[in-house]
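Chemist: Right, I'll just put the structure down here and ask away after.
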Amino acid sequence: MSVALVPVDVRRRRLTDRVMTWTCLGALLVAIAPLASVLGYVTLQGASSVTWQFFTHLPAPVGEPGGGMANAITGTLLVVALASCIGIPIGILGGLYLSEVGGGRFGWWVRFTADVLNGIPSIVIGVFIYALIVVPTRHFSGFAGGVALGVMMIPLVIRTTEEMVRLVPASLREASYALGIPWWVTMLRITLRTATAGVLTGIMLAVARVLGETAPLLFTAFNNPYWSLRFDQPISTMTVQLYNYAIAPYDDWHRQAWAAALVLMTLTLVLNVAARTAGRRRFGRGR
């Protein structure tokens, strides 16, 4: 009975394959470890403070235990909603322009500007809106905070919309033009509608990004310890409240800061997972 010998080249390739597989796995674990440690530590510190009172009560007076962040949660939703109303329409229309008719020098400059804005520190945008809105009006406001976050959303939505619309087959546009449909109707009703899933992915990622911003709001919306639903007045947000509580010398405020961090982290994680899921379904259907 003869035993077949494995060639040296085959054994070397198998050994190399196993080494590279375990090396990649180790690199993956190293990359995931910081994220897992942050998620676990924030959950451990803040889970006990995430109570019904946290979502329904106003902040307690200085030095007194209890209270919640109901005003900050409401303010965050209002400011992010205003930012979405500013950033999403402008971003989508800008992305459509770049993908459909933005092939010239002007389109190149718009893309370059969007890429630069994506890399600008958020505090710079906050200072810019401070000089543009807060200084002339002589008071902080939720409107200024919404504009600052909206400006941050625009470049991300623009670039995502452009890339997603470019993936729409040209045959759909040609069929629409052959039926006599105007180009702007084709762009809005056919091209954009086909790329809806990818565009929504970019929108959710943009919302997730601005949801955790603090620096722009320190210069624009500032803070408010009371209920405030007016955009022409300072308004409380979770990120600014978290910052104020974290630097305060009170243990109860520290616990609420951890709870706010856990809530913000959960919202951001949910939006990112939803965006990835929507994008995967979009490209899965494309295949």
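How things are named: the first chain in the structure tokens is A, the next is B, and so on; residues count from 1 in each chain; ligands count from 1 in the order shown.
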If we count only C-alpha atoms and set the cut-off at 9 Å, which residues sit around Leu242 in chain A, ignoring sequence neighbours fewer than 5 positions away in its own chain? Please answer as an NGL selection string.

Modeler: :A and (237 or 247 or 253-254 or 256-261)

Chemist: Using only C-alpha atoms, which residues sit within 12 Å of Ser141 in chain A once same-chain residues fewer than 6 positions away are excluded, as a ChimeraX atom specification?

Modeler: /A:75,78-79,129-130,133-135,147-148,216-224,228-237

Chemist: Given only C-alpha atoms as the basis, pick out the residue of A:Gly202, A:Pro169, A:Gly142, A:Gly67 nearest to Val80 in chain A.

Modeler: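 Distance minimum relative to Val80 in chain A lands on A:Gly142.
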
Chemist: Would you mind reading off the distance between CA of Ala215 in chain A and CA of Val270 in chain A, one decimal, in Å?

Modeler: 22.7 Å

Chemist: Write out as number ranges by chain the set of residues from range 42-237 of chain A that DSSP, computed on the backbone, places in alpha helix (DSSP H).

Modeler: A: 42-46, 52-56, 70-100, 105-119, 122-129, 135-137, 142-166, 170-178, 183-185, 192-194, 196-211, 215-219

Chemist: Write out as a ChimeraX atom specification each polymer residue whose atoms come within 10 Å of Arg209 in chain A, counting only C-alpha atoms; drop sequence neighbours fewer than 5 positions from it.

Modeler: /A:149,152-153,156,203-204,268,271-272

Chemist: Filtering to C-alpha atoms, could you give me those residues as a PDB file, in the first residue's frame?

Modeler:
ATOM      1  CA  LEU A 149     -24.940  70.599  12.381  1.00  0.00           C
ATOM      2  CA  MET A 152     -21.675  69.349   8.748  1.00  0.00           C
ATOM      3  CA  MET A 153     -24.254  67.046   7.147  1.00  0.00           C
ATOM      4  CA  LEU A 156     -21.439  63.808   3.498  1.00  0.00           C
ATOM      5  CA  ILE A 203     -28.401  60.267   5.382  1.00  0.00           C
ATOM      6  CA  MET A 204     -28.374  57.921   8.373  1.00  0.00           C
ATOM      7  CA  THR A 268     -25.271  56.111  17.025  1.00  0.00           C
ATOM      8  CA  LEU A 271     -28.107  54.330  13.049  1.00  0.00           C
ATOM      9  CA  ASN A 272     -24.828  52.888  11.787  1.00  0.00           C
TER      10      ASN A 272
END
